[in-house]
$ cat my_file-v1.cif   # mmCIF, N, CA and C atoms
data_work
#
loop_
_atom_site.label_atom_id
_atom_site.label_comp_id
_atom_site.auth_asym_id
_atom_site.auth_seq_id
_atom_site.Cartn_x
_atom_site.Cartn_y
_atom_site.Cartn_z
N MET E 6 50.06 113.73 165.40
CA MET E 6 49.28 112.55 165.71
C MET E 6 48.65 112.68 167.09
N HIS E 7 49.41 113.14 168.07
CA HIS E 7 48.89 113.25 169.42
C HIS E 7 47.75 114.25 169.48
N HIS E 8 47.86 115.36 168.75
CA HIS E 8 46.83 116.38 168.75
C HIS E 8 45.50 115.79 168.25
N LYS E 9 45.55 114.95 167.21
CA LYS E 9 44.34 114.33 166.70
C LYS E 9 43.71 113.43 167.76
N ARG E 10 44.50 112.73 168.52
CA ARG E 10 43.97 111.83 169.56
C ARG E 10 43.20 112.64 170.59
N ASN E 11 43.72 113.79 170.97
CA ASN E 11 43.02 114.59 171.97
C ASN E 11 41.66 115.05 171.46
N ARG E 12 41.60 115.51 170.22
CA ARG E 12 40.32 115.93 169.67
C ARG E 12 39.36 114.76 169.54
N ALA E 13 39.88 113.61 169.13
CA ALA E 13 39.03 112.44 168.94
C ALA E 13 38.47 111.95 170.27
N SER E 14 39.19 112.18 171.34
CA SER E 14 38.73 111.68 172.63
C SER E 14 37.94 112.70 173.42
N ALA E 15 37.69 113.87 172.83
CA ALA E 15 36.90 114.89 173.53
C ALA E 15 35.53 114.32 173.87
N GLY E 16 35.13 114.49 175.11
CA GLY E 16 33.83 114.01 175.54
C GLY E 16 33.81 112.54 175.90
N ARG E 17 34.95 111.89 175.80
CA ARG E 17 35.02 110.47 176.13
C ARG E 17 35.23 110.29 177.61
N PHE E 18 35.09 109.07 178.06
CA PHE E 18 35.27 108.74 179.47
C PHE E 18 36.69 109.10 179.90
N SER E 19 36.81 109.77 180.99
CA SER E 19 38.12 110.14 181.51
C SER E 19 38.60 109.10 182.49
N THR E 20 39.81 108.61 182.30
CA THR E 20 40.38 107.63 183.20
C THR E 20 41.08 108.30 184.37
N GLY E 21 41.05 109.65 184.40
CA GLY E 21 41.70 110.38 185.47
C GLY E 21 43.14 110.71 185.17
N PHE E 22 43.62 110.26 184.04
CA PHE E 22 44.98 110.54 183.65
C PHE E 22 44.98 111.45 182.43
N SER E 23 46.00 112.22 182.30
CA SER E 23 46.14 113.12 181.16
C SER E 23 46.26 112.29 179.89
N GLU E 24 45.74 112.81 178.80
CA GLU E 24 45.85 112.13 177.51
C GLU E 24 47.23 112.35 176.89
N SER E 25 48.05 113.21 177.50
CA SER E 25 49.39 113.41 176.97
C SER E 25 50.25 112.20 177.33
N PRO E 26 51.32 111.97 176.55
CA PRO E 26 52.16 110.81 176.83
C PRO E 26 52.69 110.88 178.26
N ALA E 27 52.49 109.80 178.99
CA ALA E 27 52.91 109.73 180.38
C ALA E 27 53.99 108.67 180.52
N PRO E 28 54.80 108.79 181.55
CA PRO E 28 55.85 107.79 181.76
C PRO E 28 55.30 106.37 181.86
N MET E 29 54.12 106.20 182.47
CA MET E 29 53.52 104.88 182.57
C MET E 29 52.33 104.81 181.63
N SER E 30 52.56 104.21 180.48
CA SER E 30 51.53 104.14 179.45
C SER E 30 51.65 102.80 178.74
N ILE E 31 50.52 102.14 178.51
CA ILE E 31 50.55 100.87 177.79
C ILE E 31 51.01 101.10 176.36
N ARG E 32 50.66 102.23 175.78
CA ARG E 32 51.11 102.53 174.42
C ARG E 32 52.64 102.64 174.37
N LYS E 33 53.21 103.28 175.38
CA LYS E 33 54.68 103.41 175.44
C LYS E 33 55.31 102.04 175.64
N MET E 34 54.73 101.23 176.50
CA MET E 34 55.26 99.88 176.73
C MET E 34 55.26 99.08 175.44
N ILE E 35 54.18 99.15 174.68
CA ILE E 35 54.12 98.44 173.40
C ILE E 35 55.19 98.97 172.45
N ALA E 36 55.36 100.29 172.42
CA ALA E 36 56.35 100.91 171.53
C ALA E 36 57.77 100.48 171.88
N LEU E 37 58.02 100.13 173.12
CA LEU E 37 59.35 99.72 173.56
C LEU E 37 59.67 98.26 173.23
N HIS E 38 58.69 97.51 172.77
CA HIS E 38 58.90 96.10 172.43
C HIS E 38 59.88 96.02 171.26
N PRO E 39 60.89 95.15 171.36
CA PRO E 39 61.89 95.06 170.28
C PRO E 39 61.32 94.76 168.90
N ASP E 40 60.25 93.99 168.81
CA ASP E 40 59.68 93.66 167.51
C ASP E 40 58.85 94.79 166.91
N VAL E 41 58.49 95.76 167.72
CA VAL E 41 57.66 96.88 167.26
C VAL E 41 58.50 98.01 166.69
N GLU E 42 59.72 98.16 167.22
CA GLU E 42 60.66 99.18 166.76
C GLU E 42 60.05 100.57 166.78
N GLY E 43 59.31 100.88 167.84
CA GLY E 43 58.75 102.23 168.01
C GLY E 43 57.43 102.47 167.31
N HIS E 44 57.04 101.59 166.39
CA HIS E 44 55.77 101.78 165.68
C HIS E 44 54.65 101.09 166.46
N VAL E 45 53.64 101.86 166.82
CA VAL E 45 52.50 101.31 167.55
C VAL E 45 51.26 101.46 166.68
N ASN E 46 50.52 100.39 166.54
CA ASN E 46 49.23 100.45 165.89
C ASN E 46 48.33 101.25 166.85
N GLN E 47 48.10 102.52 166.54
CA GLN E 47 47.39 103.41 167.46
C GLN E 47 46.00 102.89 167.84
N PRO E 48 45.19 102.43 166.89
CA PRO E 48 43.88 101.88 167.30
C PRO E 48 44.01 100.69 168.25
N LEU E 49 45.00 99.84 168.03
CA LEU E 49 45.20 98.70 168.92
C LEU E 49 45.70 99.17 170.29
N GLY E 50 46.57 100.17 170.31
CA GLY E 50 47.04 100.73 171.58
C GLY E 50 45.90 101.36 172.36
N ASP E 51 45.02 102.07 171.66
CA ASP E 51 43.86 102.67 172.31
C ASP E 51 42.94 101.59 172.88
N ALA E 52 42.73 100.53 172.10
CA ALA E 52 41.88 99.44 172.58
C ALA E 52 42.50 98.77 173.81
N ALA E 53 43.81 98.52 173.78
CA ALA E 53 44.48 97.89 174.92
C ALA E 53 44.29 98.74 176.18
N HIS E 54 44.41 100.05 176.02
CA HIS E 54 44.23 100.99 177.13
C HIS E 54 42.81 100.89 177.68
N HIS E 55 41.82 100.97 176.80
CA HIS E 55 40.43 100.92 177.25
C HIS E 55 40.04 99.53 177.78
N LEU E 56 40.61 98.49 177.23
CA LEU E 56 40.30 97.14 177.70
C LEU E 56 40.70 96.97 179.16
N MET E 57 41.84 97.51 179.53
CA MET E 57 42.28 97.41 180.93
C MET E 57 41.31 98.13 181.85
N TYR E 58 40.91 99.34 181.46
CA TYR E 58 39.98 100.11 182.29
C TYR E 58 38.59 99.49 182.30
N CYS E 59 38.14 99.03 181.16
CA CYS E 59 36.79 98.46 181.07
C CYS E 59 36.69 97.21 181.94
N ALA E 60 37.73 96.38 181.93
CA ALA E 60 37.71 95.17 182.76
C ALA E 60 37.52 95.54 184.23
N ARG E 61 38.21 96.57 184.67
CA ARG E 61 38.12 96.98 186.09
C ARG E 61 36.80 97.69 186.39
N MET E 62 36.33 98.49 185.45
CA MET E 62 35.05 99.18 185.65
C MET E 62 33.91 98.17 185.76
N CYS E 63 33.91 97.16 184.91
CA CYS E 63 32.86 96.14 184.95
C CYS E 63 32.94 95.35 186.25
N LEU E 64 34.14 95.04 186.69
CA LEU E 64 34.30 94.32 187.95
C LEU E 64 33.77 95.16 189.11
N SER E 65 34.09 96.44 189.10
CA SER E 65 33.63 97.34 190.15
C SER E 65 32.11 97.51 190.10
N CYS E 66 31.56 97.60 188.91
CA CYS E 66 30.11 97.73 188.77
C CYS E 66 29.41 96.48 189.29
N ALA E 67 29.95 95.31 188.97
CA ALA E 67 29.36 94.07 189.47
C ALA E 67 29.37 94.04 191.00
N ASP E 68 30.45 94.50 191.58
CA ASP E 68 30.55 94.54 193.04
C ASP E 68 29.52 95.51 193.62
N ALA E 69 29.38 96.67 193.00
CA ALA E 69 28.38 97.65 193.47
C ALA E 69 26.96 97.10 193.29
N CYS E 70 26.72 96.40 192.18
CA CYS E 70 25.41 95.79 191.95
C CYS E 70 25.08 94.78 193.03
N ALA E 71 26.09 94.05 193.50
CA ALA E 71 25.87 93.05 194.54
C ALA E 71 25.40 93.69 195.85
N ALA E 72 25.75 94.95 196.04
CA ALA E 72 25.35 95.66 197.27
C ALA E 72 23.99 96.34 197.15
N GLU E 73 23.44 96.39 195.94
CA GLU E 73 22.14 97.02 195.75
C GLU E 73 21.04 96.16 196.37
N LYS E 74 19.98 96.80 196.81
CA LYS E 74 18.88 96.09 197.48
C LYS E 74 17.98 95.33 196.48
N MET E 75 17.97 95.75 195.21
CA MET E 75 17.13 95.09 194.21
C MET E 75 17.87 93.91 193.58
N ASP E 76 17.16 93.08 192.87
CA ASP E 76 17.76 91.93 192.21
C ASP E 76 18.59 92.40 191.01
N MET E 77 19.88 92.29 191.12
CA MET E 77 20.80 92.74 190.07
C MET E 77 21.60 91.56 189.50
N ARG E 78 21.09 90.35 189.67
CA ARG E 78 21.85 89.17 189.24
C ARG E 78 22.26 89.21 187.78
N GLN E 79 21.36 89.61 186.89
CA GLN E 79 21.71 89.62 185.47
C GLN E 79 22.78 90.66 185.17
N CYS E 80 22.67 91.81 185.80
CA CYS E 80 23.67 92.85 185.59
C CYS E 80 25.03 92.40 186.12
N ILE E 81 25.02 91.76 187.28
CA ILE E 81 26.27 91.24 187.85
C ILE E 81 26.91 90.24 186.91
N ARG E 82 26.11 89.30 186.42
CA ARG E 82 26.64 88.28 185.50
C ARG E 82 27.19 88.91 184.24
N THR E 83 26.45 89.85 183.66
CA THR E 83 26.87 90.49 182.42
C THR E 83 28.16 91.27 182.64
N CYS E 84 28.24 92.00 183.74
CA CYS E 84 29.46 92.78 184.04
C CYS E 84 30.66 91.87 184.27
N LEU E 85 30.46 90.77 184.99
CA LEU E 85 31.58 89.85 185.24
C LEU E 85 32.05 89.19 183.95
N ASP E 86 31.10 88.79 183.10
CA ASP E 86 31.48 88.22 181.81
C ASP E 86 32.26 89.24 180.98
N CYS E 87 31.78 90.47 180.95
CA CYS E 87 32.44 91.52 180.18
C CYS E 87 33.84 91.77 180.73
N SER E 88 33.96 91.82 182.03
CA SER E 88 35.27 92.02 182.65
C SER E 88 36.26 90.95 182.22
N ASP E 89 35.83 89.70 182.26
CA ASP E 89 36.71 88.59 181.89
C ASP E 89 37.10 88.64 180.42
N ILE E 90 36.15 88.95 179.55
CA ILE E 90 36.44 89.04 178.12
C ILE E 90 37.38 90.21 177.83
N CYS E 91 37.14 91.36 178.47
CA CYS E 91 38.03 92.51 178.29
C CYS E 91 39.44 92.19 178.78
N GLU E 92 39.54 91.51 179.90
CA GLU E 92 40.84 91.13 180.45
C GLU E 92 41.59 90.25 179.46
N ALA E 93 40.92 89.24 178.92
CA ALA E 93 41.56 88.33 177.97
C ALA E 93 41.94 89.06 176.68
N ALA E 94 41.03 89.88 176.16
CA ALA E 94 41.33 90.63 174.93
C ALA E 94 42.48 91.60 175.15
N GLY E 95 42.53 92.23 176.31
CA GLY E 95 43.62 93.14 176.63
C GLY E 95 44.96 92.44 176.66
N LYS E 96 44.99 91.24 177.18
CA LYS E 96 46.23 90.47 177.19
C LYS E 96 46.71 90.15 175.77
N LEU E 97 45.77 89.76 174.92
CA LEU E 97 46.14 89.48 173.53
C LEU E 97 46.59 90.74 172.80
N ALA E 98 45.96 91.86 173.12
CA ALA E 98 46.25 93.12 172.42
C ALA E 98 47.67 93.64 172.67
N VAL E 99 48.22 93.34 173.84
CA VAL E 99 49.56 93.87 174.14
C VAL E 99 50.69 92.94 173.74
N ARG E 100 50.37 91.74 173.32
CA ARG E 100 51.42 90.81 172.88
C ARG E 100 51.90 91.19 171.49
N ARG E 101 53.17 91.43 171.34
CA ARG E 101 53.72 91.84 170.06
C ARG E 101 54.72 90.84 169.51
N THR E 102 55.09 89.82 170.28
CA THR E 102 56.00 88.79 169.80
C THR E 102 55.21 87.85 168.91
N GLY E 103 55.68 87.64 167.70
CA GLY E 103 54.96 86.80 166.77
C GLY E 103 53.67 87.47 166.33
N ALA E 104 52.80 86.72 165.72
CA ALA E 104 51.53 87.29 165.26
C ALA E 104 50.45 86.22 165.30
N ASN E 105 49.27 86.63 165.63
CA ASN E 105 48.09 85.78 165.59
C ASN E 105 46.90 86.69 165.34
N ASN E 106 46.99 87.43 164.24
CA ASN E 106 46.01 88.48 163.95
C ASN E 106 44.57 87.97 163.83
N GLN E 107 44.38 86.77 163.30
CA GLN E 107 43.01 86.27 163.16
C GLN E 107 42.37 86.06 164.52
N VAL E 108 43.10 85.47 165.45
CA VAL E 108 42.58 85.26 166.79
C VAL E 108 42.35 86.61 167.48
N LEU E 109 43.31 87.50 167.35
CA LEU E 109 43.18 88.83 167.96
C LEU E 109 41.97 89.57 167.39
N ARG E 110 41.81 89.54 166.08
CA ARG E 110 40.68 90.21 165.44
C ARG E 110 39.35 89.63 165.95
N GLU E 111 39.25 88.31 166.00
CA GLU E 111 38.02 87.67 166.48
C GLU E 111 37.77 87.99 167.95
N MET E 112 38.82 88.05 168.74
CA MET E 112 38.66 88.38 170.16
C MET E 112 38.19 89.82 170.33
N LEU E 113 38.74 90.74 169.55
CA LEU E 113 38.32 92.14 169.62
C LEU E 113 36.87 92.29 169.18
N GLU E 114 36.47 91.58 168.14
CA GLU E 114 35.08 91.62 167.68
C GLU E 114 34.14 91.05 168.74
N LEU E 115 34.52 89.94 169.35
CA LEU E 115 33.72 89.36 170.43
C LEU E 115 33.62 90.34 171.59
N CYS E 116 34.73 90.93 171.94
CA CYS E 116 34.75 91.88 173.06
C CYS E 116 33.82 93.06 172.78
N ALA E 117 33.82 93.55 171.56
CA ALA E 117 32.93 94.67 171.21
C ALA E 117 31.46 94.27 171.41
N ARG E 118 31.11 93.06 171.00
CA ARG E 118 29.73 92.59 171.18
C ARG E 118 29.37 92.43 172.66
N VAL E 119 30.29 91.87 173.43
CA VAL E 119 30.04 91.67 174.85
C VAL E 119 29.95 93.02 175.57
N CYS E 120 30.80 93.96 175.19
CA CYS E 120 30.73 95.31 175.78
C CYS E 120 29.39 95.97 175.45
N ASP E 121 28.92 95.81 174.22
CA ASP E 121 27.61 96.36 173.86
C ASP E 121 26.50 95.74 174.71
N GLU E 122 26.56 94.42 174.92
CA GLU E 122 25.55 93.75 175.74
C GLU E 122 25.61 94.24 177.19
N CYS E 123 26.82 94.41 177.70
CA CYS E 123 26.98 94.89 179.08
C CYS E 123 26.44 96.32 179.20
N ALA E 124 26.78 97.15 178.23
CA ALA E 124 26.28 98.53 178.26
C ALA E 124 24.75 98.54 178.23
N ALA E 125 24.15 97.73 177.38
CA ALA E 125 22.68 97.68 177.29
C ALA E 125 22.07 97.25 178.62
N GLU E 126 22.67 96.26 179.25
CA GLU E 126 22.15 95.81 180.56
C GLU E 126 22.31 96.91 181.60
N CYS E 127 23.47 97.53 181.65
CA CYS E 127 23.70 98.59 182.65
C CYS E 127 22.79 99.80 182.40
N GLU E 128 22.49 100.07 181.15
CA GLU E 128 21.62 101.21 180.82
C GLU E 128 20.18 100.99 181.28
N ARG E 129 19.83 99.77 181.64
CA ARG E 129 18.49 99.47 182.16
C ARG E 129 18.32 99.95 183.59
N HIS E 130 19.41 100.34 184.24
CA HIS E 130 19.38 100.71 185.66
C HIS E 130 19.76 102.18 185.84
N ASP E 131 19.22 102.79 186.90
CA ASP E 131 19.48 104.20 187.18
C ASP E 131 20.67 104.44 188.11
N HIS E 132 21.35 103.40 188.49
CA HIS E 132 22.48 103.55 189.40
C HIS E 132 23.64 104.26 188.68
N GLU E 133 24.29 105.18 189.37
CA GLU E 133 25.41 105.91 188.76
C GLU E 133 26.53 104.97 188.34
N HIS E 134 26.79 103.94 189.14
CA HIS E 134 27.86 103.00 188.76
C HIS E 134 27.52 102.29 187.47
N CYS E 135 26.24 101.99 187.25
CA CYS E 135 25.83 101.35 185.99
C CYS E 135 25.98 102.32 184.81
N LYS E 136 25.66 103.58 185.04
CA LYS E 136 25.80 104.58 183.97
C LYS E 136 27.26 104.73 183.55
N LEU E 137 28.16 104.78 184.55
CA LEU E 137 29.60 104.88 184.22
C LEU E 137 30.09 103.63 183.51
N CYS E 138 29.64 102.49 183.96
CA CYS E 138 30.05 101.24 183.34
C CYS E 138 29.57 101.17 181.88
N ALA E 139 28.33 101.56 181.66
CA ALA E 139 27.78 101.55 180.30
C ALA E 139 28.57 102.47 179.38
N GLN E 140 28.93 103.66 179.88
CA GLN E 140 29.72 104.59 179.07
C GLN E 140 31.08 104.00 178.72
N MET E 141 31.73 103.40 179.70
CA MET E 141 33.03 102.80 179.46
C MET E 141 32.91 101.66 178.46
N CYS E 142 31.88 100.84 178.61
CA CYS E 142 31.68 99.71 177.70
C CYS E 142 31.43 100.18 176.27
N ARG E 143 30.65 101.23 176.09
CA ARG E 143 30.40 101.75 174.73
C ARG E 143 31.70 102.23 174.09
N GLU E 144 32.53 102.93 174.86
CA GLU E 144 33.80 103.42 174.32
C GLU E 144 34.76 102.28 174.02
N CYS E 145 34.79 101.29 174.90
CA CYS E 145 35.65 100.14 174.70
C CYS E 145 35.22 99.37 173.45
N ALA E 146 33.91 99.20 173.27
CA ALA E 146 33.39 98.51 172.09
C ALA E 146 33.81 99.22 170.81
N ALA E 147 33.70 100.54 170.82
CA ALA E 147 34.09 101.32 169.63
C ALA E 147 35.58 101.16 169.35
N ASP E 148 36.40 101.22 170.39
CA ASP E 148 37.84 101.06 170.20
C ASP E 148 38.20 99.65 169.74
N CYS E 149 37.51 98.65 170.24
CA CYS E 149 37.76 97.27 169.81
C CYS E 149 37.44 97.11 168.33
N ARG E 150 36.34 97.71 167.89
CA ARG E 150 36.00 97.61 166.47
C ARG E 150 37.05 98.30 165.59
N LEU E 151 37.50 99.47 166.01
CA LEU E 151 38.54 100.18 165.24
C LEU E 151 39.82 99.37 165.21
N ALA E 152 40.18 98.78 166.33
CA ALA E 152 41.40 97.98 166.40
C ALA E 152 41.28 96.75 165.51
N ALA E 153 40.14 96.09 165.53
CA ALA E 153 39.94 94.90 164.70
C ALA E 153 40.08 95.26 163.22
N GLU E 154 39.53 96.41 162.84
CA GLU E 154 39.64 96.87 161.45
C GLU E 154 41.06 97.21 161.06
N SER E 155 41.88 97.59 162.04
CA SER E 155 43.26 98.01 161.75
C SER E 155 44.22 96.83 161.54
N LEU E 156 43.77 95.63 161.87
CA LEU E 156 44.67 94.46 161.75
C LEU E 156 44.68 93.91 160.34
#
$ encode --input "my_file-v1.cif" --output "structure tokens"
Amino acid sequence: MHHKRNRASAGRFSTGFSESPAPMSIRKMIALHPDVEGHVNQPLGDAAHHLMYCARMCLSCADACAAEKMDMRQCIRTCLDCSDICEAAGKLAVRRTGANNQVLREMLELCARVCDECAAECERHDHEHCKLCAQMCRECAADCRLAAESL
């Protein structure tokens, strides 16, 4: 299973951490939940991982946009909205006590749409921070869609 994940993530945004199981991993934390009994919905674990990074990338991009000399208000707003939605979706994705799959599915679908909108806005700009943010948003959107389908 792990080998497939590495091939599937080839060419994807690197978070700076190895794709091998690490002592500090959201997937491992989910697997340790008593109600999960070691079984992790891999697409949901992947989405939770990317949601955390995407929220921070969008926040950082908004901050960098604020320092640009040109009018970046729309990009800032879009990045901040995306950050907040990713943060909320990430919180729902890691909760394993009880179930609320319909809400989680709808939140993941919403997050995918918001990430696509943020990526489109960031792709309108030539700033490197916008390019990185757009890439992260596209990957997060794809993972959110896969996770929503897995529920």
$ resolve_selection --input "my_file-v1.cif" --expression "the PyMOL selection byres (((chain E and resi 40 and name CA) around 8) and name CA)" --output "ChimeraX atom specification"
/E:38-39,41-42,101-102
$ closest_residue --input "my_file-v1.cif" --among "E:Ala53, E:Cys138, E:Cys63, E:Ala146" --to "Lys96 (chain E)" --atoms "all atoms listed in the file"
E:Ala53
$ atom_distance --input "my_file-v1.cif" --atom1 "CA of Arg32 (chain E)" --atom2 "CA of Gly50 (chain E)"
5.3 Å
$ resolve_selection --input "my_file-v1.cif" --expression "the PyMOL selection byres (((chain E and resi 82 and name CA) around 12) and name CA)" --output "VMD selection string"
chain E and resid 63 to 64 66 to 68 70 to 71 76 to 81 83 to 89 119 122 to 123 126 to 127
$ atom_distance --input "my_file-v1.cif" --atom1 "atom C of Ile31 (chain E)" --atom2 "atom C of His44 (chain E)"
10.5 Å
$ atom_distance --input "my_file-v1.cif" --atom1 "CA of Ala36 (chain E)" --atom2 "CA of Asn105 (chain E)"
18.2 Å
$ closest_residue --input "my_file-v1.cif" --among "E:Ala98, E:Cys135, E:Ala153, E:Ile35" --to "Arg110 (chain E)" --atoms "only C-alpha atoms"
E:Ala153
$ residues_around --input "my_file-v1.cif" --residues "Gln107 (chain E)" --least-positions-apart "5" --cutoff "8 Å" --atoms "only N, CA and C atoms" --output "JSON list (two decimals) with N, CA and C atoms, in the frame of the given file"
[["chain", "number", "residue", "atom", "x", "y", "z"],
["E", 112, "MET", "N", 38.82, 88.05, 168.74],
["E", 112, "MET", "CA", 38.66, 88.38, 170.16],
["E", 112, "MET", "C", 38.19, 89.82, 170.33],
["E", 113, "LEU", "N", 38.74, 90.74, 169.55],
["E", 113, "LEU", "CA", 38.32, 92.14, 169.62],
["E", 113, "LEU", "C", 36.87, 92.29, 169.18],
["E", 156, "LEU", "N", 43.77, 95.63, 161.87],
["E", 156, "LEU", "CA", 44.67, 94.46, 161.75],
["E", 156, "LEU", "C", 44.68, 93.91, 160.34]]
$ resolve_selection --input "my_file-v1.cif" --expression "the PyMOL selection byres ((chain E and resi 142) around 8)" --output "ChimeraX atom specification"
/E:58-59,62-63,117,119-125,136-141,143-148
$ select_by_dssp --input "my_file-v1.cif" --residues "chain E" --states "helix (DSSP H, G or I)" --output "PyMOL selection string"
chain E and resi 7-13+31-36+47-72+78-99+106-127+133-155
$ residues_around --input "my_file-v1.cif" --residues "Leu97 (chain E)" --least-positions-apart "5" --cutoff "8 Å" --atoms "all atoms listed in the file" --output "list in words"
Ala53, Cys91, Glu92, Val108 and Leu109 of chain E
$ residues_around --input "my_file-v1.cif" --residues "Ser155 (chain E)" --least-positions-apart "6" --cutoff "8 Å" --atoms "all atoms listed in the file" --output "MDAnalysis selection string"
chainID E and resid 46 48:49 149
$ decode --input "my_file-v1.cif" --residues "region 35-94 of chain E" --atoms "C-alpha atoms" --output "compact mmCIF listing (two decimals), in the first residue's frame"
# COMPACT_ATOMS: atom_id res chain seq x y z
CA ILE E 35 -5.93 8.74 13.04
CA ALA E 36 -4.89 5.07 13.03
CA LEU E 37 -4.28 5.24 16.79
CA HIS E 38 -7.86 6.36 17.50
CA PRO E 39 -9.67 3.63 19.47
CA ASP E 40 -12.69 3.64 17.14
CA VAL E 41 -10.52 3.21 14.04
CA GLU E 42 -8.69 0.10 15.29
CA GLY E 43 -5.74 0.69 12.97
CA HIS E 44 -7.82 1.04 9.80
CA VAL E 45 -7.40 4.42 8.12
CA ASN E 46 -9.43 5.56 5.16
CA GLN E 47 -6.34 6.38 3.06
CA PRO E 48 -8.01 8.99 0.81
CA LEU E 49 -9.39 10.74 3.89
CA GLY E 50 -5.99 10.58 5.60
CA ASP E 51 -4.35 12.06 2.51
CA ALA E 52 -6.94 14.84 2.40
CA ALA E 53 -6.46 15.62 6.11
CA HIS E 54 -2.71 15.87 5.50
CA HIS E 55 -3.09 18.20 2.51
CA LEU E 56 -5.80 20.27 4.18
CA MET E 57 -3.43 21.20 7.00
CA TYR E 58 -0.72 22.25 4.55
CA CYS E 59 -3.09 24.01 2.18
CA ALA E 60 -4.56 26.10 5.00
CA ARG E 61 -1.08 27.32 5.94
CA MET E 62 0.07 27.81 2.33
CA CYS E 63 -2.97 29.97 1.57
CA LEU E 64 -2.44 31.99 4.73
CA SER E 65 1.21 32.53 3.81
CA CYS E 66 0.30 33.45 0.24
CA ALA E 67 -2.23 36.00 1.47
CA ASP E 68 0.43 37.53 3.69
CA ALA E 69 2.90 37.69 0.80
CA CYS E 70 0.21 39.21 -1.44
CA ALA E 71 -0.33 41.93 1.16
CA ALA E 72 3.32 42.92 0.75
CA GLU E 73 3.14 43.15 -3.04
CA LYS E 74 3.11 46.63 -4.57
CA MET E 75 0.16 45.86 -6.89
CA ASP E 76 -3.49 45.55 -5.86
CA MET E 77 -3.83 41.96 -4.63
CA ARG E 78 -7.02 42.39 -2.61
CA GLN E 79 -8.98 39.71 -4.46
CA CYS E 80 -6.15 37.20 -4.19
CA ILE E 81 -5.77 37.96 -0.49
CA ARG E 82 -9.50 37.47 0.10
CA THR E 83 -9.60 34.24 -1.90
CA CYS E 84 -6.54 32.82 -0.12
CA LEU E 85 -7.89 33.72 3.32
CA ASP E 86 -11.27 32.17 2.53
CA CYS E 87 -9.56 29.03 1.24
CA SER E 88 -7.36 28.85 4.32
CA ASP E 89 -10.38 29.02 6.63
CA ILE E 90 -12.34 26.41 4.67
CA CYS E 91 -9.34 24.06 4.56
CA GLU E 92 -8.82 24.51 8.30
CA ALA E 93 -12.45 23.66 9.05
CA ALA E 94 -12.51 20.70 6.64
